[in-house]
Amino acid sequence: MTDSVHPGLPDLGVVITRLQAQYIRGVEPRQVFDGLLPELLALTGSEYGFIAEVWREPSGQPYLKVFTLTNIAWDDATRALFEAQKDSGIEFRNMNTLFGAAVLGGEPVIANEPATDPRRGGLPPGHPPMRAFLGMPLHQGGVLVGLVGLANRPGGYDQALITHLQALFATVGSIMGQVQVERERRRTEQALRDSEALYRATFDRAPLGFAQVDLEGRFLEVNQRQCQILGRPAHELRGLRFHEITHPDDLAADVQRLQALLDGEVTDYALDKRYLRPDGSTVWTRLTVALLRHADGSPHKIVSTLEDVSERRQLEHARVAAQAAERANRAKTEFLSRMSHELRTPLNAVLGFAQLLRMNPGEPLAPRQQEHVVHIERAGQHLLGMINDVLDLARIEQGALAVHMESLALAPVVDDAFALLQTAARDAGVALCCDEGDPAAQLWADGLRLRQVLVNLLSNAVKYNHRGGEAAVAWCVEGPHLRISVRDTGPGLTPAQREHLFEPFNRLGAERSRVEGSGIGLVVTRRLVDLMGGRIEVNSTPGQGSRFSVLLLREAPRG
């Protein structure tokens with residue numbers, strides 16, 4: 001069949017030339033094929049048809065995605081479908097059809113009696129009648145890339161028509177193959193761009209420092225976190241060798257490990273090392289290094305991660321120091337405890353013999369000797385009090401001092417404390433008194449330890465006072481607590497003295513006075529209050545005396 005057989009029809013050569021020219025000029029494929037389909041229909045005398053590309057499911061199953069299609073919509077639903085999908089490409093997935101046979105077989109399908117053709121499959125109700133069909137597979141390089149479908153040519157289709165249009169079909173197949181190649185190229189390039197963008201975002205925003213380093217140790221690429229850790233901008237780091245910013249004490253180990261990496265002795269390594277920042281400060285880091293190789297196995301470049309571990313190192317140093325301090329404290333406490341026990345036995349003997357000398361009616365001492373013995377007893381009692389305080393402090397710090405909490409009345413405990421201090425107060429010329437307080441007040445405490453607390457506070461109020469002064473106790477309800485206050489009319493405390501008030505063996509300058517003391521009593525007092533679940537407060541004004549307040553729960557805590 002030749003063009004002369006069909007006078008007035010488009011010239012086949014002109015159609016092919018125009019088709020190629022349009023593609024070369026970069027006209028969109030859809031526009032190229034939109035213009036080609038009417039010419040194909042005219043060349044073949046067909047009523048309707050389509051030009052479609054072969055796509056494949058992930059499983060490999062082929063389906064058609066239409067470039068251009070004659071509008072054969074026959075009702076509102078099909079018209080709406082055609083309009084909705086004409087731009088994105090209508091898909092034909094049912095391969096149990098005449099065009100499916102052409103796709104699956106890869107050979108032309110001619111059906112001039114489609115109503116009885118077993119390959120036909122059904123048509124939807126309302127579909128225009130199909131009296132003849134040609135399905136022409138399009139190949140490019142032996143690969144099926146598309147399909148031309150034509151319908152209703154008067155007299156049907158034959159091999160002569162296929163042969164006549166073979167050059168046109170080959171051109172369409174070639175263009176369609178090139179479209180697919182170009183699409184795949186663009187998809188690959190976009191995937192590469194996306195991958196590079198993802199890598200760059202990950203690289204730049206990673207919480208760890210990342211770097212690429214050449215085989216000479218020069219920084220090639222660094223991320224933002226690496227710059228923050230090293231305290232240098234990226235443009236300054238690039239080109240620097242890591243040797244130039246490594247702490248001198250850590251350089252040898254790093255270089256040695258890097259050489260082992262380059263020699264193939266290890267595949268990677270990690271170490272803690274210090275870098276020097278421009279401001280002269282040092283940053284501790286955890287460095288992890290690996291070597292990238294070329295396809296032939298030769299070294300290519302080095303990649304590394306960097307983590308700032310300065311805080312962790314400081315915490316570790318503090319932990320080790322704390323452990324050392326704790327061991328030293330335990331050793332000190334144990335020493336004090338043992339020495340205190342060892343001292344009590346001979347000291348009790350000294351005090352006992354001193355009392356025997358002073359009270360022996362058979363051999364009475366001369367007045368001067370009596371005075372000396374009294375000094376011995378007084379010094380011994382002071383030393384014994386210090387030893388007892390040290391023992392209490394040691395037991396508290398060892399956790400060996402138990403408290404037996406119970407609900408008890410406060411007034412009898414205060415009376416006991418007054419009785420124990422009555423003689424010392426009389427000798428010092430200081431009056432013991434109660435300012436105020438409900439005689440029936442109850443609180444949650446250990447009676448023995450509470451009396452010890454009150455005795456310690458009242459003892460200080462008497463010692464650090466003046467003749468004619470007062471040492472007074474008062475208590476009042478304060479929410480869930482009972483506040484017990486011990487005030488004196490002594491010299492008071494400065495703010496600087498209050499800051500060091502509860503330091504062991506710190507007498508705040510009183511060691512230069514004639515007042516005896518150990519500097520431990522208040523420390524023991526606060527520890528005892530803590531053990532009973534309370535707290536101690538101090539208010540003092542120089543020249544106006546001091547007030548020590550102990551707050552303890554009035555009832556047993558719930559839960």
# chains A, B, ... in the order shown; residues from 1 in each chain; ligands from 1
$ residues_around --residues "segment 282-299 of chain A" --least-positions-apart "5" --cutoff "10 Å" --atoms "only C-alpha atoms" --output "ChimeraX atom specification"
/A:209-215,229-231,245-247,254,257-258,261-264,266-277,304-314
$ residues_around --residues "Cys434 of chain A" --least-positions-apart "5" --cutoff "6 Å" --atoms "only C-alpha atoms" --output "MDAnalysis selection string"
chainID A and resid 472:474
$ write_last_selection --atoms "N, CA, C and O atoms" --output "PDB file, in the first residue's frame"
ATOM      1  N   ALA A 472      17.224  31.720 127.244  1.00  0.00           N
ATOM      2  CA  ALA A 472      15.786  31.434 127.329  1.00  0.00           C
ATOM      3  C   ALA A 472      15.341  30.467 126.246  1.00  0.00           C
ATOM      4  O   ALA A 472      15.886  30.448 125.142  1.00  0.00           O
ATOM      5  N   VAL A 473      14.320  29.676 126.596  1.00  0.00           N
ATOM      6  CA  VAL A 473      13.702  28.739 125.658  1.00  0.00           C
ATOM      7  C   VAL A 473      12.255  29.167 125.453  1.00  0.00           C
ATOM      8  O   VAL A 473      11.573  29.570 126.401  1.00  0.00           O
ATOM      9  N   ALA A 474      11.799  29.071 124.202  1.00  0.00           N
ATOM     10  CA  ALA A 474      10.391  29.340 123.869  1.00  0.00           C
ATOM     11  C   ALA A 474       9.984  28.392 122.764  1.00  0.00           C
ATOM     12  O   ALA A 474      10.826  27.891 122.013  1.00  0.00           O
TER      13      ALA A 474
END
$ select_by_dssp --residues "segment 132-313 of chain A" --states "strand (DSSP E)" --output "PyMOL selection string"
chain A and resi 133-140+143-151+209-213+219-222+268-276+282-293+299-308
$ residues_around --residues "Arg498 of chain A" --least-positions-apart "3" --cutoff "9 Å" --atoms "only C-alpha atoms" --output "CSV table (one decimal) with C-alpha atoms, in the first residue's frame"
chain,number,residue,atom,x,y,z
A,493,LEU,CA,27.4,36.8,115.4
A,494,THR,CA,28.5,38.6,112.3
A,495,PRO,CA,27.2,37.5,108.8
A,501,LEU,CA,28.9,28.4,112.0
A,502,PHE,CA,28.5,24.6,111.3
A,508,LEU,CA,34.8,31.4,115.0
A,538,VAL,CA,20.0,31.0,113.1
A,539,ASN,CA,19.2,34.7,113.6
A,540,SER,CA,21.8,36.9,115.2
$ decode --residues "segment 450-495 of chain A" --atoms "N, CA and C atoms" --output "PDB file, in the first residue's frame"
ATOM      1  N   LEU A 450      16.688  14.859 121.399  1.00  0.00           N
ATOM      2  CA  LEU A 450      16.140  16.209 121.536  1.00  0.00           C
ATOM      3  C   LEU A 450      16.717  16.891 122.771  1.00  0.00           C
ATOM      4  N   ARG A 451      16.838  16.132 123.899  1.00  0.00           N
ATOM      5  CA  ARG A 451      17.451  16.708 125.096  1.00  0.00           C
ATOM      6  C   ARG A 451      18.902  17.101 124.818  1.00  0.00           C
ATOM      7  N   GLN A 452      19.617  16.255 124.029  1.00  0.00           N
ATOM      8  CA  GLN A 452      21.002  16.570 123.692  1.00  0.00           C
ATOM      9  C   GLN A 452      21.077  17.860 122.873  1.00  0.00           C
ATOM     10  N   VAL A 453      20.144  18.028 121.936  1.00  0.00           N
ATOM     11  CA  VAL A 453      20.103  19.248 121.133  1.00  0.00           C
ATOM     12  C   VAL A 453      19.882  20.465 122.022  1.00  0.00           C
ATOM     13  N   LEU A 454      18.910  20.378 122.919  1.00  0.00           N
ATOM     14  CA  LEU A 454      18.613  21.522 123.791  1.00  0.00           C
ATOM     15  C   LEU A 454      19.773  21.824 124.736  1.00  0.00           C
ATOM     16  N   VAL A 455      20.396  20.774 125.268  1.00  0.00           N
ATOM     17  CA  VAL A 455      21.544  20.986 126.158  1.00  0.00           C
ATOM     18  C   VAL A 455      22.676  21.683 125.418  1.00  0.00           C
ATOM     19  N   ASN A 456      22.940  21.236 124.176  1.00  0.00           N
ATOM     20  CA  ASN A 456      24.014  21.873 123.399  1.00  0.00           C
ATOM     21  C   ASN A 456      23.713  23.342 123.139  1.00  0.00           C
ATOM     22  N   LEU A 457      22.484  23.648 122.736  1.00  0.00           N
ATOM     23  CA  LEU A 457      22.136  25.032 122.437  1.00  0.00           C
ATOM     24  C   LEU A 457      22.134  25.894 123.693  1.00  0.00           C
ATOM     25  N   LEU A 458      21.575  25.378 124.792  1.00  0.00           N
ATOM     26  CA  LEU A 458      21.559  26.144 126.036  1.00  0.00           C
ATOM     27  C   LEU A 458      22.968  26.308 126.602  1.00  0.00           C
ATOM     28  N   SER A 459      23.794  25.279 126.444  1.00  0.00           N
ATOM     29  CA  SER A 459      25.176  25.364 126.927  1.00  0.00           C
ATOM     30  C   SER A 459      25.910  26.497 126.222  1.00  0.00           C
ATOM     31  N   ASN A 460      25.727  26.594 124.890  1.00  0.00           N
ATOM     32  CA  ASN A 460      26.345  27.706 124.160  1.00  0.00           C
ATOM     33  C   ASN A 460      25.759  29.057 124.601  1.00  0.00           C
ATOM     34  N   ALA A 461      24.423  29.068 124.819  1.00  0.00           N
ATOM     35  CA  ALA A 461      23.784  30.321 125.243  1.00  0.00           C
ATOM     36  C   ALA A 461      24.310  30.787 126.597  1.00  0.00           C
ATOM     37  N   VAL A 462      24.721  29.838 127.441  1.00  0.00           N
ATOM     38  CA  VAL A 462      25.292  30.204 128.741  1.00  0.00           C
ATOM     39  C   VAL A 462      26.747  30.626 128.584  1.00  0.00           C
ATOM     40  N   LYS A 463      27.525  29.812 127.856  1.00  0.00           N
ATOM     41  CA  LYS A 463      28.962  30.080 127.720  1.00  0.00           C
ATOM     42  C   LYS A 463      29.238  31.396 127.001  1.00  0.00           C
ATOM     43  N   TYR A 464      28.510  31.622 125.888  1.00  0.00           N
ATOM     44  CA  TYR A 464      28.753  32.827 125.083  1.00  0.00           C
ATOM     45  C   TYR A 464      27.757  33.911 125.495  1.00  0.00           C
ATOM     46  N   ASN A 465      27.849  34.327 126.744  1.00  0.00           N
ATOM     47  CA  ASN A 465      26.939  35.316 127.317  1.00  0.00           C
ATOM     48  C   ASN A 465      27.751  36.202 128.265  1.00  0.00           C
ATOM     49  N   HIS A 466      27.077  36.982 129.047  1.00  0.00           N
ATOM     50  CA  HIS A 466      27.769  37.818 130.034  1.00  0.00           C
ATOM     51  C   HIS A 466      27.046  37.675 131.369  1.00  0.00           C
ATOM     52  N   ARG A 467      27.751  37.982 132.441  1.00  0.00           N
ATOM     53  CA  ARG A 467      27.131  37.870 133.765  1.00  0.00           C
ATOM     54  C   ARG A 467      25.930  38.802 133.833  1.00  0.00           C
ATOM     55  N   GLY A 468      24.839  38.264 134.346  1.00  0.00           N
ATOM     56  CA  GLY A 468      23.598  39.016 134.396  1.00  0.00           C
ATOM     57  C   GLY A 468      22.750  38.823 133.137  1.00  0.00           C
ATOM     58  N   GLY A 469      23.240  38.029 132.190  1.00  0.00           N
ATOM     59  CA  GLY A 469      22.485  37.791 130.964  1.00  0.00           C
ATOM     60  C   GLY A 469      21.449  36.686 131.109  1.00  0.00           C
ATOM     61  N   GLU A 470      20.777  36.364 130.002  1.00  0.00           N
ATOM     62  CA  GLU A 470      19.725  35.353 130.016  1.00  0.00           C
ATOM     63  C   GLU A 470      19.963  34.326 128.905  1.00  0.00           C
ATOM     64  N   ALA A 471      19.521  33.107 129.191  1.00  0.00           N
ATOM     65  CA  ALA A 471      19.439  32.041 128.191  1.00  0.00           C
ATOM     66  C   ALA A 471      18.015  31.501 128.289  1.00  0.00           C
ATOM     67  N   ALA A 472      17.224  31.720 127.244  1.00  0.00           N
ATOM     68  CA  ALA A 472      15.786  31.434 127.329  1.00  0.00           C
ATOM     69  C   ALA A 472      15.341  30.467 126.246  1.00  0.00           C
ATOM     70  N   VAL A 473      14.320  29.676 126.596  1.00  0.00           N
ATOM     71  CA  VAL A 473      13.702  28.739 125.658  1.00  0.00           C
ATOM     72  C   VAL A 473      12.255  29.167 125.453  1.00  0.00           C
ATOM     73  N   ALA A 474      11.799  29.071 124.202  1.00  0.00           N
ATOM     74  CA  ALA A 474      10.391  29.340 123.869  1.00  0.00           C
ATOM     75  C   ALA A 474       9.984  28.392 122.764  1.00  0.00           C
ATOM     76  N   TRP A 475       8.685  28.118 122.645  1.00  0.00           N
ATOM     77  CA  TRP A 475       8.212  27.271 121.538  1.00  0.00           C
ATOM     78  C   TRP A 475       6.813  27.693 121.123  1.00  0.00           C
ATOM     79  N   CYS A 476       6.504  27.444 119.878  1.00  0.00           N
ATOM     80  CA  CYS A 476       5.191  27.800 119.337  1.00  0.00           C
ATOM     81  C   CYS A 476       4.886  26.900 118.144  1.00  0.00           C
ATOM     82  N   VAL A 477       3.585  26.787 117.853  1.00  0.00           N
ATOM     83  CA  VAL A 477       3.144  25.983 116.709  1.00  0.00           C
ATOM     84  C   VAL A 477       3.322  26.802 115.438  1.00  0.00           C
ATOM     85  N   GLU A 478       3.857  26.165 114.412  1.00  0.00           N
ATOM     86  CA  GLU A 478       4.069  26.818 113.117  1.00  0.00           C
ATOM     87  C   GLU A 478       3.684  25.816 112.019  1.00  0.00           C
ATOM     88  N   GLY A 479       2.388  25.831 111.662  1.00  0.00           N
ATOM     89  CA  GLY A 479       1.897  24.858 110.673  1.00  0.00           C
ATOM     90  C   GLY A 479       2.029  23.449 111.217  1.00  0.00           C
ATOM     91  N   PRO A 480       2.606  22.541 110.441  1.00  0.00           N
ATOM     92  CA  PRO A 480       2.767  21.161 110.926  1.00  0.00           C
ATOM     93  C   PRO A 480       3.953  21.012 111.870  1.00  0.00           C
ATOM     94  N   HIS A 481       4.696  22.106 112.098  1.00  0.00           N
ATOM     95  CA  HIS A 481       5.902  22.031 112.912  1.00  0.00           C
ATOM     96  C   HIS A 481       5.716  22.686 114.273  1.00  0.00           C
ATOM     97  N   LEU A 482       6.597  22.305 115.185  1.00  0.00           N
ATOM     98  CA  LEU A 482       6.748  23.011 116.453  1.00  0.00           C
ATOM     99  C   LEU A 482       8.116  23.697 116.397  1.00  0.00           C
ATOM    100  N   ARG A 483       8.102  25.021 116.546  1.00  0.00           N
ATOM    101  CA  ARG A 483       9.365  25.776 116.517  1.00  0.00           C
ATOM    102  C   ARG A 483       9.852  25.950 117.953  1.00  0.00           C
ATOM    103  N   ILE A 484      11.060  25.456 118.223  1.00  0.00           N
ATOM    104  CA  ILE A 484      11.688  25.585 119.552  1.00  0.00           C
ATOM    105  C   ILE A 484      12.858  26.541 119.402  1.00  0.00           C
ATOM    106  N   SER A 485      12.827  27.659 120.155  1.00  0.00           N
ATOM    107  CA  SER A 485      13.862  28.678 120.019  1.00  0.00           C
ATOM    108  C   SER A 485      14.665  28.784 121.309  1.00  0.00           C
ATOM    109  N   VAL A 486      15.974  28.930 121.154  1.00  0.00           N
ATOM    110  CA  VAL A 486      16.885  29.181 122.286  1.00  0.00           C
ATOM    111  C   VAL A 486      17.595  30.507 121.992  1.00  0.00           C
ATOM    112  N   ARG A 487      17.362  31.496 122.865  1.00  0.00           N
ATOM    113  CA  ARG A 487      17.971  32.809 122.642  1.00  0.00           C
ATOM    114  C   ARG A 487      18.934  33.117 123.774  1.00  0.00           C
ATOM    115  N   ASP A 488      19.885  33.993 123.446  1.00  0.00           N
ATOM    116  CA  ASP A 488      20.826  34.457 124.473  1.00  0.00           C
ATOM    117  C   ASP A 488      20.989  35.963 124.347  1.00  0.00           C
ATOM    118  N   THR A 489      21.663  36.535 125.345  1.00  0.00           N
ATOM    119  CA  THR A 489      21.930  37.979 125.334  1.00  0.00           C
ATOM    120  C   THR A 489      23.424  38.220 125.176  1.00  0.00           C
ATOM    121  N   GLY A 490      24.071  37.318 124.433  1.00  0.00           N
ATOM    122  CA  GLY A 490      25.515  37.399 124.251  1.00  0.00           C
ATOM    123  C   GLY A 490      25.923  38.380 123.172  1.00  0.00           C
ATOM    124  N   PRO A 491      27.175  38.258 122.689  1.00  0.00           N
ATOM    125  CA  PRO A 491      27.716  39.248 121.742  1.00  0.00           C
ATOM    126  C   PRO A 491      27.148  39.137 120.336  1.00  0.00           C
ATOM    127  N   GLY A 492      26.448  38.060 120.032  1.00  0.00           N
ATOM    128  CA  GLY A 492      25.889  37.892 118.694  1.00  0.00           C
ATOM    129  C   GLY A 492      26.935  37.464 117.677  1.00  0.00           C
ATOM    130  N   LEU A 493      26.492  37.277 116.442  1.00  0.00           N
ATOM    131  CA  LEU A 493      27.359  36.774 115.374  1.00  0.00           C
ATOM    132  C   LEU A 493      27.301  37.707 114.168  1.00  0.00           C
ATOM    133  N   THR A 494      28.431  37.868 113.504  1.00  0.00           N
ATOM    134  CA  THR A 494      28.456  38.638 112.256  1.00  0.00           C
ATOM    135  C   THR A 494      27.998  37.733 111.111  1.00  0.00           C
ATOM    136  N   PRO A 495      27.605  38.310 109.963  1.00  0.00           N
ATOM    137  CA  PRO A 495      27.239  37.467 108.806  1.00  0.00           C
ATOM    138  C   PRO A 495      28.354  36.518 108.397  1.00  0.00           C
TER     139      PRO A 495
END
